[in-house]
Each structure stands twice: as structure tokens, then as C-alpha cells.
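Have a look at run.tsv; it's TSV, C-alpha atoms and all ligand atoms:
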chain	number	residue	atom	x	y	z
A	1	MET	CA	-85.47	32.72	17.16
A	2	ASP	CA	-87.21	32.63	20.52
A	3	LEU	CA	-89.17	35.23	22.50
A	4	ARG	CA	-88.93	35.84	26.26
A	5	ILE	CA	-91.84	37.69	27.92
A	6	GLY	CA	-91.68	38.97	31.52
A	7	HIS	CA	-95.18	39.45	32.97
A	8	LEU	CA	-94.90	42.10	35.70
A	9	TYR	CA	-97.00	41.59	38.86
A	10	PRO	CA	-99.58	39.29	37.19
A	11	ASP	CA	-101.09	38.61	40.63
A	12	LEU	CA	-101.63	42.32	41.37
A	13	MET	CA	-101.78	44.16	38.04
A	14	SER	CA	-103.83	42.26	35.51
A	15	ILE	CA	-107.41	43.51	35.45
A	16	TYR	CA	-109.90	44.09	32.58
A	17	GLY	CA	-108.50	41.19	30.54
A	18	ASP	CA	-105.02	42.72	30.33
A	19	LYS	CA	-103.45	39.21	30.38
A	20	GLY	CA	-104.72	38.96	26.81
A	21	ASN	CA	-101.79	41.16	25.78
A	22	VAL	CA	-99.34	38.46	26.91
A	23	ILE	CA	-101.39	35.81	25.09
A	24	ALA	CA	-101.42	37.92	21.90
A	25	LEU	CA	-97.64	38.50	21.92
A	26	SER	CA	-96.93	34.81	22.59
A	27	GLN	CA	-99.41	33.57	19.97
A	28	ARG	CA	-98.28	36.00	17.25
A	29	ALA	CA	-94.74	34.71	17.79
A	30	ARG	CA	-95.79	31.05	17.78
A	31	TRP	CA	-97.89	31.49	14.61
A	32	ARG	CA	-94.58	32.50	13.01
A	33	GLY	CA	-92.71	29.46	14.35
A	34	ILE	CA	-90.99	31.52	17.07
A	35	ALA	CA	-90.92	29.77	20.47
A	36	ALA	CA	-92.32	32.02	23.22
A	37	GLU	CA	-91.89	31.64	26.98
A	38	VAL	CA	-93.63	33.74	29.67
A	39	ARG	CA	-92.27	34.18	33.20
A	40	PRO	CA	-93.95	36.05	36.08
A	41	TYR	CA	-92.05	38.78	37.99
A	42	SER	CA	-93.90	39.98	41.08
A	43	VAL	CA	-93.18	41.39	44.56
A	44	GLY	CA	-89.93	40.09	46.10
A	45	GLU	CA	-86.70	38.62	44.73
A	46	TRP	CA	-86.69	38.51	40.89
A	47	ARG	CA	-84.84	35.54	39.35
A	48	GLU	CA	-82.90	36.53	36.19
A	49	PRO	CA	-84.30	40.08	35.62
A	50	GLU	CA	-82.06	40.30	32.56
A	51	TRP	CA	-83.95	37.39	30.90
A	52	PRO	CA	-87.01	39.11	29.26
A	53	ASP	CA	-86.90	40.62	25.79
A	54	VAL	CA	-90.22	42.35	26.47
A	55	TRP	CA	-92.17	43.11	29.66
A	56	PHE	CA	-95.92	43.42	30.06
A	57	PHE	CA	-97.27	45.59	32.92
A	58	GLY	CA	-101.07	45.60	33.26
A	59	GLY	CA	-103.67	47.64	35.08
A	60	GLY	CA	-104.61	47.37	38.75
A	61	GLN	CA	-106.47	48.83	41.69
A	62	ASP	CA	-105.02	51.71	43.69
A	63	GLN	CA	-104.27	49.41	46.63
A	64	GLY	CA	-102.34	47.00	44.35
A	65	GLN	CA	-100.43	49.94	42.95
A	66	ASP	CA	-98.98	51.01	46.30
A	67	LEU	CA	-97.63	47.47	46.91
A	68	VAL	CA	-96.12	47.41	43.42
A	69	GLY	CA	-94.79	50.96	43.73
A	70	ALA	CA	-93.03	50.02	46.96
A	71	ASP	CA	-91.48	46.99	45.26
A	72	LEU	CA	-90.31	49.04	42.28
A	73	ALA	CA	-88.76	51.58	44.65
A	74	GLY	CA	-86.20	48.88	45.56
A	75	ARG	CA	-83.86	46.60	43.61
A	76	ASN	CA	-86.58	45.50	41.16
A	77	GLY	CA	-87.05	49.03	39.83
A	78	GLU	CA	-83.29	49.22	39.24
A	79	SER	CA	-83.38	45.84	37.45
A	80	LEU	CA	-86.24	47.04	35.22
A	81	ARG	CA	-84.38	50.24	34.32
A	82	LYS	CA	-81.25	48.18	33.52
A	83	SER	CA	-83.34	45.80	31.37
A	84	VAL	CA	-84.73	48.71	29.33
A	85	ALA	CA	-81.24	50.20	28.99
A	86	SER	CA	-80.08	46.82	27.61
A	87	GLY	CA	-82.74	46.91	24.88
A	88	ALA	CA	-85.83	45.24	26.36
A	89	ALA	CA	-89.23	46.63	25.38
A	90	ILE	CA	-92.16	47.29	27.71
A	91	PHE	CA	-95.90	47.40	26.98
A	92	SER	CA	-97.91	48.86	29.86
A	93	VAL	CA	-101.57	49.63	30.43
A	94	CYS	CA	-103.20	52.04	32.89
A	95	GLY	CA	-101.88	51.34	36.42
A	96	GLY	CA	-98.73	49.76	34.99
A	97	TYR	CA	-98.29	52.77	32.68
A	98	GLN	CA	-98.70	55.13	35.62
A	99	LEU	CA	-96.07	53.30	37.70
A	100	LEU	CA	-93.48	53.48	34.89
A	101	GLY	CA	-93.64	57.28	35.17
A	102	THR	CA	-92.12	59.55	37.81
A	103	GLU	CA	-95.04	59.27	40.25
A	104	TYR	CA	-98.71	58.42	40.66
A	105	VAL	CA	-100.68	60.52	43.12
A	106	PRO	CA	-103.85	58.59	44.08
A	107	GLU	CA	-107.02	60.35	45.25
A	108	VAL	CA	-106.39	59.11	48.80
A	109	GLY	CA	-103.01	58.46	50.38
A	110	ALA	CA	-99.43	59.42	49.67
A	111	ALA	CA	-97.88	59.81	46.22
A	112	ILE	CA	-96.48	56.51	44.86
A	113	PRO	CA	-93.03	56.94	43.28
A	114	GLY	CA	-92.79	55.46	39.78
A	115	ALA	CA	-89.90	53.58	38.18
A	116	GLY	CA	-88.86	56.71	36.29
A	117	ILE	CA	-88.74	54.89	32.94
A	118	LEU	CA	-91.36	57.02	31.19
A	119	ASP	CA	-91.25	60.81	31.35
A	120	VAL	CA	-94.86	61.07	32.51
A	121	THR	CA	-96.55	61.98	35.75
A	122	THR	CA	-100.05	61.06	36.92
A	123	ARG	CA	-102.43	62.35	39.54
A	124	ALA	CA	-105.90	61.07	40.26
A	125	GLY	CA	-108.87	63.24	39.34
A	126	ARG	CA	-112.31	63.21	40.93
A	127	LYS	CA	-114.21	61.80	37.93
A	128	ARG	CA	-113.30	58.36	36.59
A	129	PHE	CA	-112.85	58.06	32.84
A	130	VAL	CA	-114.80	54.93	31.89
A	131	GLY	CA	-115.76	54.01	28.35
A	132	ASN	CA	-114.63	53.14	24.87
A	133	LEU	CA	-111.38	54.68	23.64
A	134	VAL	CA	-110.59	55.18	19.95
A	135	VAL	CA	-107.19	56.57	19.03
A	136	ASP	CA	-105.60	57.72	15.80
A	137	SER	CA	-101.84	57.59	15.20
A	138	ALA	CA	-99.40	57.96	12.35
A	139	ASP	CA	-98.82	54.17	12.51
A	140	GLY	CA	-102.48	53.15	12.54
A	141	PRO	CA	-105.74	53.30	14.51
A	142	LEU	CA	-106.20	51.79	17.98
A	143	VAL	CA	-109.30	50.85	19.98
A	144	GLY	CA	-109.94	49.67	23.51
A	145	PHE	CA	-111.71	50.81	26.63
A	146	GLU	CA	-110.52	52.95	29.50
A	147	ASN	CA	-111.25	52.90	33.24
A	148	HIS	CA	-109.03	55.22	35.24
A	149	SER	CA	-109.15	58.23	37.52
A	150	GLY	CA	-105.51	59.07	36.83
A	151	ARG	CA	-104.69	62.04	34.63
A	152	THR	CA	-101.33	61.49	32.92
A	153	TYR	CA	-99.21	64.34	31.57
A	154	LEU	CA	-96.21	63.82	29.28
A	155	GLY	CA	-92.82	65.45	29.80
A	156	PRO	CA	-90.49	66.38	26.94
A	157	LYS	CA	-88.82	62.95	26.65
A	158	ALA	CA	-92.09	61.10	25.89
A	159	VAL	CA	-94.28	61.41	22.79
A	160	PRO	CA	-97.98	60.50	22.65
A	161	LEU	CA	-98.93	57.08	21.26
A	162	GLY	CA	-101.76	58.83	19.43
A	163	SER	CA	-104.57	61.33	19.53
A	164	VAL	CA	-108.01	60.69	21.02
A	165	VAL	CA	-110.91	60.28	18.57
A	166	VAL	CA	-113.45	58.90	21.10
A	167	GLY	CA	-112.95	58.91	24.87
A	168	ASN	CA	-110.56	60.73	27.23
A	169	GLY	CA	-107.10	59.19	26.88
A	170	ASN	CA	-104.22	60.48	29.03
A	171	ASN	CA	-106.06	63.25	30.85
A	172	GLY	CA	-109.26	64.29	29.08
A	173	GLU	CA	-107.73	67.69	28.32
A	174	ASP	CA	-104.94	67.61	25.72
A	175	LYS	CA	-106.47	64.92	23.45
A	176	THR	CA	-103.35	62.76	23.75
A	177	GLU	CA	-103.43	59.04	24.53
A	178	GLY	CA	-100.53	56.98	25.81
A	179	ALA	CA	-96.80	57.60	25.61
A	180	ILE	CA	-93.81	56.20	23.74
A	181	GLN	CA	-90.19	56.59	24.84
A	182	GLY	CA	-87.59	54.38	23.10
A	183	LYS	CA	-89.01	50.84	23.17
A	184	VAL	CA	-91.40	51.58	26.07
A	185	ILE	CA	-95.11	52.12	25.45
A	186	GLY	CA	-97.76	53.10	27.98
A	187	CYS	CA	-101.45	53.54	27.28
A	188	TYR	CA	-104.96	53.42	28.78
A	189	LEU	CA	-106.22	50.86	26.26
A	190	HIS	CA	-107.71	47.95	28.20
A	191	GLY	CA	-109.61	45.34	26.30
A	192	SER	CA	-107.23	43.65	25.96
A	193	CYS	CA	-105.43	45.91	23.58
A	194	LEU	CA	-103.01	43.85	21.47
A	195	PRO	CA	-105.34	41.11	20.17
A	196	LYS	CA	-107.41	43.63	18.19
A	197	ASN	CA	-104.62	46.10	17.42
A	198	PRO	CA	-102.23	43.76	15.54
A	199	TRP	CA	-99.93	46.47	14.18
A	200	LEU	CA	-99.04	47.48	17.74
A	201	ALA	CA	-98.54	43.85	18.80
A	202	ASP	CA	-96.13	43.29	15.91
A	203	ARG	CA	-94.29	46.55	16.67
A	204	LEU	CA	-93.57	45.22	20.18
A	205	LEU	CA	-92.69	41.75	18.85
A	206	GLN	CA	-90.17	43.27	16.43
A	207	TRP	CA	-88.56	45.39	19.16
A	208	ALA	CA	-88.41	42.41	21.53
A	209	LEU	CA	-86.84	40.00	19.03
A	210	GLU	CA	-84.26	42.62	17.94
A	211	ARG	CA	-82.82	42.59	21.48
A	212	ARG	CA	-81.07	39.23	20.89
A	213	HIS	CA	-81.54	38.47	17.20
A	214	THR	CA	-80.35	40.21	14.03
A	215	ASP	CA	-82.18	40.69	10.74
A	216	VAL	CA	-85.65	40.17	12.31
A	217	LYS	CA	-88.30	40.02	9.59
A	218	LEU	CA	-91.81	39.11	10.81
A	219	ALA	CA	-93.85	37.08	8.32
A	220	LYS	CA	-97.24	38.64	7.53
A	221	LEU	CA	-100.15	36.99	9.39
A	222	ASP	CA	-103.78	36.70	8.27
A	223	ASP	CA	-105.29	39.35	10.58
A	224	GLU	CA	-108.82	39.19	9.19
A	225	ALA	CA	-110.38	38.24	12.55
A	226	GLU	CA	-108.27	40.74	14.50
A	227	LEU	CA	-109.16	43.60	12.17
A	228	ALA	CA	-112.83	42.62	12.18
A	229	ALA	CA	-112.74	42.82	15.99
A	230	ARG	CA	-111.12	46.25	15.82
A	231	THR	CA	-113.68	47.50	13.28
A	232	GLN	CA	-116.57	46.21	15.35
A	233	ALA	CA	-115.23	47.75	18.57
A	234	THR	CA	-114.58	51.05	16.80
A	235	GLU	CA	-118.10	51.15	15.32
A	236	VAL	CA	-119.61	50.50	18.77
A	237	ALA	CA	-117.40	53.23	20.28
A	238	GLN	CA	-118.36	55.74	17.62
A	239	ALA	CA	-122.06	54.92	17.92
A	240	ARG	CA	-121.97	55.22	21.72
A	241	PRO	CA	-119.13	57.67	22.57
A	301	LIG	N1	-105.96	53.13	39.91
A	301	LIG	C1	-105.51	53.74	38.67
A	301	LIG	C2	-106.52	54.78	38.15
A	301	LIG	O1	-107.68	54.71	38.50
A	301	LIG	C3	-105.31	52.69	37.59
A	301	LIG	C4	-106.59	51.94	37.26
A	301	LIG	C5	-106.34	50.84	36.24
A	301	LIG	O2	-105.24	50.29	36.13
A	301	LIG	N2	-107.40	50.51	35.48
A	301	LIG	O3	-106.13	55.65	37.37

Please render this file's structure as C-alpha cells.
Amino acid sequence: MDLRIGHLYPDLMSIYGDKGNVIALSQRARWRGIAAEVRPYSVGEWREPEWPDVWFFGGGQDQGQDLVGADLAGRNGESLRKSVASGAAIFSVCGGYQLLGTEYVPEVGAAIPGAGILDVTTRAGRKRFVGNLVVDSADGPLVGFENHSGRTYLGPKAVPLGSVVVGNGNNGEDKTEGAIQGKVIGCYLHGSCLPKNPWLADRLLQWALERRHTDVKLAKLDDEAELAARTQATEVAQARP
């Protein structure tokens, strides 16, 4: 088996250590003897948009988001929607998450149309949500930190990734965090997220490998260090909410 990762706009949307998510996916594949290749896809002509099994879309500044939004409004947004329809997975954080929705309305300037892949919509609020974020979900706990002014609201086609234990999550009102729709996940968990939330990393790895391979069974890894990092981050978050 081999794994193909498309890193979306790594030059514009990769803040707060979000590149660590690409490193975690690649490494958790390689530790299992699965070759992993990463290719960047940024503004302009995309070569082989049908190549990735999984895309990573990180966080960014408002000004980076309008450039990326404009790019996704063209042929690249269509290619990304086609890729998801053909079975590719996406993991997105913050600004990337917002741009996968229907639109992101920044505090200043015109609304930025999203790729319309997630049934969510976001509009900036006055107060930024900055701090540790602890989330509970039926599939396991998650921890990270958040830094966003966007308030994201889910439509009927998306379900929350989890519920907020510490922090604000999607909008600081409905206690939801993130969104899942098919094999697409969006969240506000910077950190980076996947290295210390191994169950989520392996969920994405499984989805990605199933696009081109059958009977995918991921060998169990020794996650002692990853889980210790999650425990430590969670304890800090709970001590200093
Ligand atoms: N500019 C967006 C917001 O503030 C996204 C920020 C980010 O990606 N961290 O909500």
C-alpha cells in the first residue's frame, strides 16, 4: 500500500504548527511500512488534482483566506469537490475548515465564498477565541488550542466532531466543536492536532487508504508518547481553562 497526501496552500494556510498534521499522517503510515508521499497544491494550476487520497487544509490569516477563497472559487474548487466525490478524505483546521463551508464572512471586507464541501457557514465575531480546547466525542477525547474569530454553524448535512469540555469550539454558543460530513473533517484544533490525538489520525489514514486499497487493516502502534502528550495538554487545559 502507499499513501498520497495533498497539502492545500501550505504557503498561505499553515499557521500554529498545523504542518504537524501532515507529518503525523505520513509518519503513522511509514511506521506501518506504508510509503507516504506529500505534494503541495496552492494558488494556480494544480497538477493531477485526482492524485491525493487525503488532503490537509490548515489555518491562516484573514488576508491569506481571501486569496485562497478566490482560488477555490475557480477550477481548483471544482477539482477538490470531484476528489471528495471520488473518495478522498480531507482534514481541515480553522481557516481551512471555514473555507470548506459555504462562506466565511470576515470582520472586515466582503464575504469569502467557500468550496461548499462542508455544510457549515462562518462569520467573524468581535472577540477572538484563544486558548486551550478540550473536546469529548463518541470515538474518543481530543485536545488542542484554538485561535479564531470565526463562529461556525453547522447545517443539517454536517454533524459535530464532538462537544466542548474546555474552550469555545465552533461558536462559543452551542458547545459543538468541528464538523464531519462523509470523509471530510473540519475543526478548530490547532496544536498540531493529529500528533497527540492518534485515534483521529488513524481514522483519516484508514479513510485515505480505502480510496485505492481493499481490506485495509492498520497495525496497532505504540502510542504511549502520543497519549502522554494528550494527557498533559488536557491537564493543563483543565487547570487553566
Ligand atoms: N481568520 C480566521 C479566524 O480568525 C481563521 C484563523 C485561523 O485559521 N487560525 O476565524

Self-check item: 9 Å shell around ligand LIG 301 (chain A) using all atoms listed in the file, listed as a PyMOL selection string
Solution: chain A and resi 13-16+58-65+93-98+104+106-107+122-125+128-129+146-152+188+190

Using C-alpha atoms, can you export the residues from the last selection as a JSON list (two decimals), keeping the file's coordinate frame?
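Ended up saving to result33.json:
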[["chain", "number", "residue", "atom", "x", "y", "z"],
["A", 13, "MET", "CA", -101.78, 44.16, 38.04],
["A", 14, "SER", "CA", -103.83, 42.26, 35.51],
["A", 15, "ILE", "CA", -107.41, 43.51, 35.45],
["A", 16, "TYR", "CA", -109.90, 44.09, 32.58],
["A", 58, "GLY", "CA", -101.07, 45.60, 33.26],
["A", 59, "GLY", "CA", -103.67, 47.64, 35.08],
["A", 60, "GLY", "CA", -104.61, 47.37, 38.75],
["A", 61, "GLN", "CA", -106.47, 48.83, 41.69],
["A", 62, "ASP", "CA", -105.02, 51.71, 43.69],
["A", 63, "GLN", "CA", -104.27, 49.41, 46.63],
["A", 64, "GLY", "CA", -102.34, 47.00, 44.35],
["A", 65, "GLN", "CA", -100.43, 49.94, 42.95],
["A", 93, "VAL", "CA", -101.57, 49.63, 30.43],
["A", 94, "CYS", "CA", -103.20, 52.04, 32.89],
["A", 95, "GLY", "CA", -101.88, 51.34, 36.42],
["A", 96, "GLY", "CA", -98.73, 49.76, 34.99],
["A", 97, "TYR", "CA", -98.29, 52.77, 32.68],
["A", 98, "GLN", "CA", -98.70, 55.13, 35.62],
["A", 104, "TYR", "CA", -98.71, 58.42, 40.66],
["A", 106, "PRO", "CA", -103.85, 58.59, 44.08],
["A", 107, "GLU", "CA", -107.02, 60.35, 45.25],
["A", 122, "THR", "CA", -100.05, 61.06, 36.92],
["A", 123, "ARG", "CA", -102.43, 62.35, 39.54],
["A", 124, "ALA", "CA", -105.90, 61.07, 40.26],
["A", 125, "GLY", "CA", -108.87, 63.24, 39.34],
["A", 128, "ARG", "CA", -113.30, 58.36, 36.59],
["A", 129, "PHE", "CA", -112.85, 58.06, 32.84],
["A", 146, "GLU", "CA", -110.52, 52.95, 29.50],
["A", 147, "ASN", "CA", -111.25, 52.90, 33.24],
["A", 148, "HIS", "CA", -109.03, 55.22, 35.24],
["A", 149, "SER", "CA", -109.15, 58.23, 37.52],
["A", 150, "GLY", "CA", -105.51, 59.07, 36.83],
["A", 151, "ARG", "CA", -104.69, 62.04, 34.63],
["A", 152, "THR", "CA", -101.33, 61.49, 32.92],
["A", 188, "TYR", "CA", -104.96, 53.42, 28.78],
["A", 190, "HIS", "CA", -107.71, 47.95, 28.20]]

Quiz item: From the list A:Asp139, A:Asp53, A:Asp119, A:Glu224, which residue is nearest A:Tyr153 when using only C-alpha atoms?
Solution: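 Counting only C-alpha atoms, the residue closest to A:Tyr153 is A:Asp119.
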
Quiz item: Hey, which of A:Val184, A:Ala73, A:Ala201, A:Ala179 ends up closest to A:Ala29? Count all atoms listed in the file.
Solution: A:Ala201

Quiz item: In Å to one decimal, how far is atom CA of A:Leu154 from atom CA of A:Val135?
Solution: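 Calculated distance between atom CA of A:Val135 and atom CA of A:Leu154 is 16.7 Å.
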
Practice problem: Between atom CA of A:Leu25 and atom CA of A:Leu194, measure the distance and give it in Å to one decimal. | Solution: 7.6 Å

Quiz item: To one decimal place, how far is atom CA of A:Asp223 from atom CA of A:Pro198 in Å?
Solution: 7.3 Å

Rebuild all heavy atoms on stretch 90-101 of chain A, as a PDB file, in the frame of the given file?
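result_28.pdb was written with the following content:
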ATOM      1  N   ILE A  90     -91.090  47.421  26.709  1.00  0.00           N
ATOM      2  CA  ILE A  90     -92.160  47.290  27.710  1.00  0.00           C
ATOM      3  C   ILE A  90     -93.485  47.712  27.067  1.00  0.00           C
ATOM      4  O   ILE A  90     -93.530  48.738  26.364  1.00  0.00           O
ATOM      5  CB  ILE A  90     -91.948  48.166  28.959  1.00  0.00           C
ATOM      6  CG1 ILE A  90     -90.610  47.899  29.643  1.00  0.00           C
ATOM      7  CG2 ILE A  90     -93.089  47.919  29.963  1.00  0.00           C
ATOM      8  CD1 ILE A  90     -90.386  48.728  30.921  1.00  0.00           C
ATOM      9  N   PHE A  91     -94.546  46.943  27.309  1.00  0.00           N
ATOM     10  CA  PHE A  91     -95.900  47.400  26.980  1.00  0.00           C
ATOM     11  C   PHE A  91     -96.668  47.501  28.289  1.00  0.00           C
ATOM     12  O   PHE A  91     -96.712  46.522  29.062  1.00  0.00           O
ATOM     13  CB  PHE A  91     -96.621  46.458  26.016  1.00  0.00           C
ATOM     14  CG  PHE A  91     -97.994  46.948  25.637  1.00  0.00           C
ATOM     15  CD1 PHE A  91     -98.163  48.188  25.032  1.00  0.00           C
ATOM     16  CD2 PHE A  91     -99.126  46.178  25.898  1.00  0.00           C
ATOM     17  CE1 PHE A  91     -99.422  48.654  24.679  1.00  0.00           C
ATOM     18  CE2 PHE A  91    -100.388  46.638  25.552  1.00  0.00           C
ATOM     19  CZ  PHE A  91    -100.537  47.883  24.945  1.00  0.00           C
ATOM     20  N   SER A  92     -97.233  48.673  28.572  1.00  0.00           N
ATOM     21  CA  SER A  92     -97.910  48.860  29.860  1.00  0.00           C
ATOM     22  C   SER A  92     -99.287  49.492  29.644  1.00  0.00           C
ATOM     23  O   SER A  92     -99.496  50.247  28.680  1.00  0.00           O
ATOM     24  CB  SER A  92     -97.070  49.776  30.755  1.00  0.00           C
ATOM     25  OG  SER A  92     -96.911  51.054  30.153  1.00  0.00           O
ATOM     26  N   VAL A  93    -100.210  49.130  30.543  1.00  0.00           N
ATOM     27  CA  VAL A  93    -101.570  49.630  30.430  1.00  0.00           C
ATOM     28  C   VAL A  93    -102.002  50.212  31.773  1.00  0.00           C
ATOM     29  O   VAL A  93    -101.818  49.570  32.817  1.00  0.00           O
ATOM     30  CB  VAL A  93    -102.560  48.515  30.036  1.00  0.00           C
ATOM     31  CG1 VAL A  93    -103.979  49.049  29.902  1.00  0.00           C
ATOM     32  CG2 VAL A  93    -102.128  47.873  28.709  1.00  0.00           C
ATOM     33  N   CYS A  94    -102.552  51.400  31.747  1.00  0.00           N
ATOM     34  CA  CYS A  94    -103.200  52.040  32.890  1.00  0.00           C
ATOM     35  C   CYS A  94    -102.326  52.064  34.140  1.00  0.00           C
ATOM     36  O   CYS A  94    -101.329  52.782  34.158  1.00  0.00           O
ATOM     37  CB  CYS A  94    -104.532  51.352  33.146  1.00  0.00           C
ATOM     38  SG  CYS A  94    -105.719  52.440  33.921  1.00  0.00           S
ATOM     39  N   GLY A  95    -102.661  51.283  35.178  1.00  0.00           N
ATOM     40  CA  GLY A  95    -101.880  51.340  36.420  1.00  0.00           C
ATOM     41  C   GLY A  95    -100.408  51.028  36.179  1.00  0.00           C
ATOM     42  O   GLY A  95     -99.516  51.657  36.777  1.00  0.00           O
ATOM     43  N   GLY A  96    -100.132  50.085  35.297  1.00  0.00           N
ATOM     44  CA  GLY A  96     -98.730  49.760  34.990  1.00  0.00           C
ATOM     45  C   GLY A  96     -98.045  50.943  34.315  1.00  0.00           C
ATOM     46  O   GLY A  96     -96.921  51.334  34.658  1.00  0.00           O
ATOM     47  N   TYR A  97     -98.754  51.553  33.375  1.00  0.00           N
ATOM     48  CA  TYR A  97     -98.290  52.770  32.680  1.00  0.00           C
ATOM     49  C   TYR A  97     -97.957  53.851  33.694  1.00  0.00           C
ATOM     50  O   TYR A  97     -96.877  54.440  33.677  1.00  0.00           O
ATOM     51  CB  TYR A  97     -99.392  53.188  31.728  1.00  0.00           C
ATOM     52  CG  TYR A  97     -99.324  54.505  31.013  1.00  0.00           C
ATOM     53  CD1 TYR A  97     -98.127  55.139  30.685  1.00  0.00           C
ATOM     54  CD2 TYR A  97    -100.510  55.130  30.623  1.00  0.00           C
ATOM     55  CE1 TYR A  97     -98.108  56.354  29.989  1.00  0.00           C
ATOM     56  CE2 TYR A  97    -100.510  56.337  29.936  1.00  0.00           C
ATOM     57  CZ  TYR A  97     -99.316  56.950  29.622  1.00  0.00           C
ATOM     58  OH  TYR A  97     -99.308  58.144  28.928  1.00  0.00           O
ATOM     59  N   GLN A  98     -98.885  54.072  34.624  1.00  0.00           N
ATOM     60  CA  GLN A  98     -98.700  55.130  35.620  1.00  0.00           C
ATOM     61  C   GLN A  98     -97.446  54.893  36.471  1.00  0.00           C
ATOM     62  O   GLN A  98     -96.701  55.803  36.791  1.00  0.00           O
ATOM     63  CB  GLN A  98     -99.940  55.223  36.513  1.00  0.00           C
ATOM     64  CG  GLN A  98    -101.193  55.642  35.764  1.00  0.00           C
ATOM     65  CD  GLN A  98    -102.454  55.441  36.571  1.00  0.00           C
ATOM     66  OE1 GLN A  98    -102.457  54.771  37.609  1.00  0.00           O
ATOM     67  NE2 GLN A  98    -103.548  55.998  36.086  1.00  0.00           N
ATOM     68  N   LEU A  99     -97.212  53.610  36.815  1.00  0.00           N
ATOM     69  CA  LEU A  99     -96.070  53.300  37.700  1.00  0.00           C
ATOM     70  C   LEU A  99     -94.734  53.283  36.963  1.00  0.00           C
ATOM     71  O   LEU A  99     -93.684  53.213  37.591  1.00  0.00           O
ATOM     72  CB  LEU A  99     -96.305  51.959  38.411  1.00  0.00           C
ATOM     73  CG  LEU A  99     -97.403  51.982  39.472  1.00  0.00           C
ATOM     74  CD1 LEU A  99     -97.603  50.589  40.054  1.00  0.00           C
ATOM     75  CD2 LEU A  99     -97.080  52.976  40.600  1.00  0.00           C
ATOM     76  N   LEU A 100     -94.753  53.345  35.647  1.00  0.00           N
ATOM     77  CA  LEU A 100     -93.480  53.480  34.890  1.00  0.00           C
ATOM     78  C   LEU A 100     -93.051  54.936  34.838  1.00  0.00           C
ATOM     79  O   LEU A 100     -91.943  55.262  34.457  1.00  0.00           O
ATOM     80  CB  LEU A 100     -93.627  52.946  33.466  1.00  0.00           C
ATOM     81  CG  LEU A 100     -93.756  51.429  33.302  1.00  0.00           C
ATOM     82  CD1 LEU A 100     -93.823  51.070  31.822  1.00  0.00           C
ATOM     83  CD2 LEU A 100     -92.599  50.685  33.968  1.00  0.00           C
ATOM     84  N   GLY A 101     -93.967  55.850  35.222  1.00  0.00           N
ATOM     85  CA  GLY A 101     -93.640  57.280  35.170  1.00  0.00           C
ATOM     86  C   GLY A 101     -92.868  57.730  36.387  1.00  0.00           C
ATOM     87  O   GLY A 101     -92.298  56.914  37.119  1.00  0.00           O
TER      88      GLY A 101
END
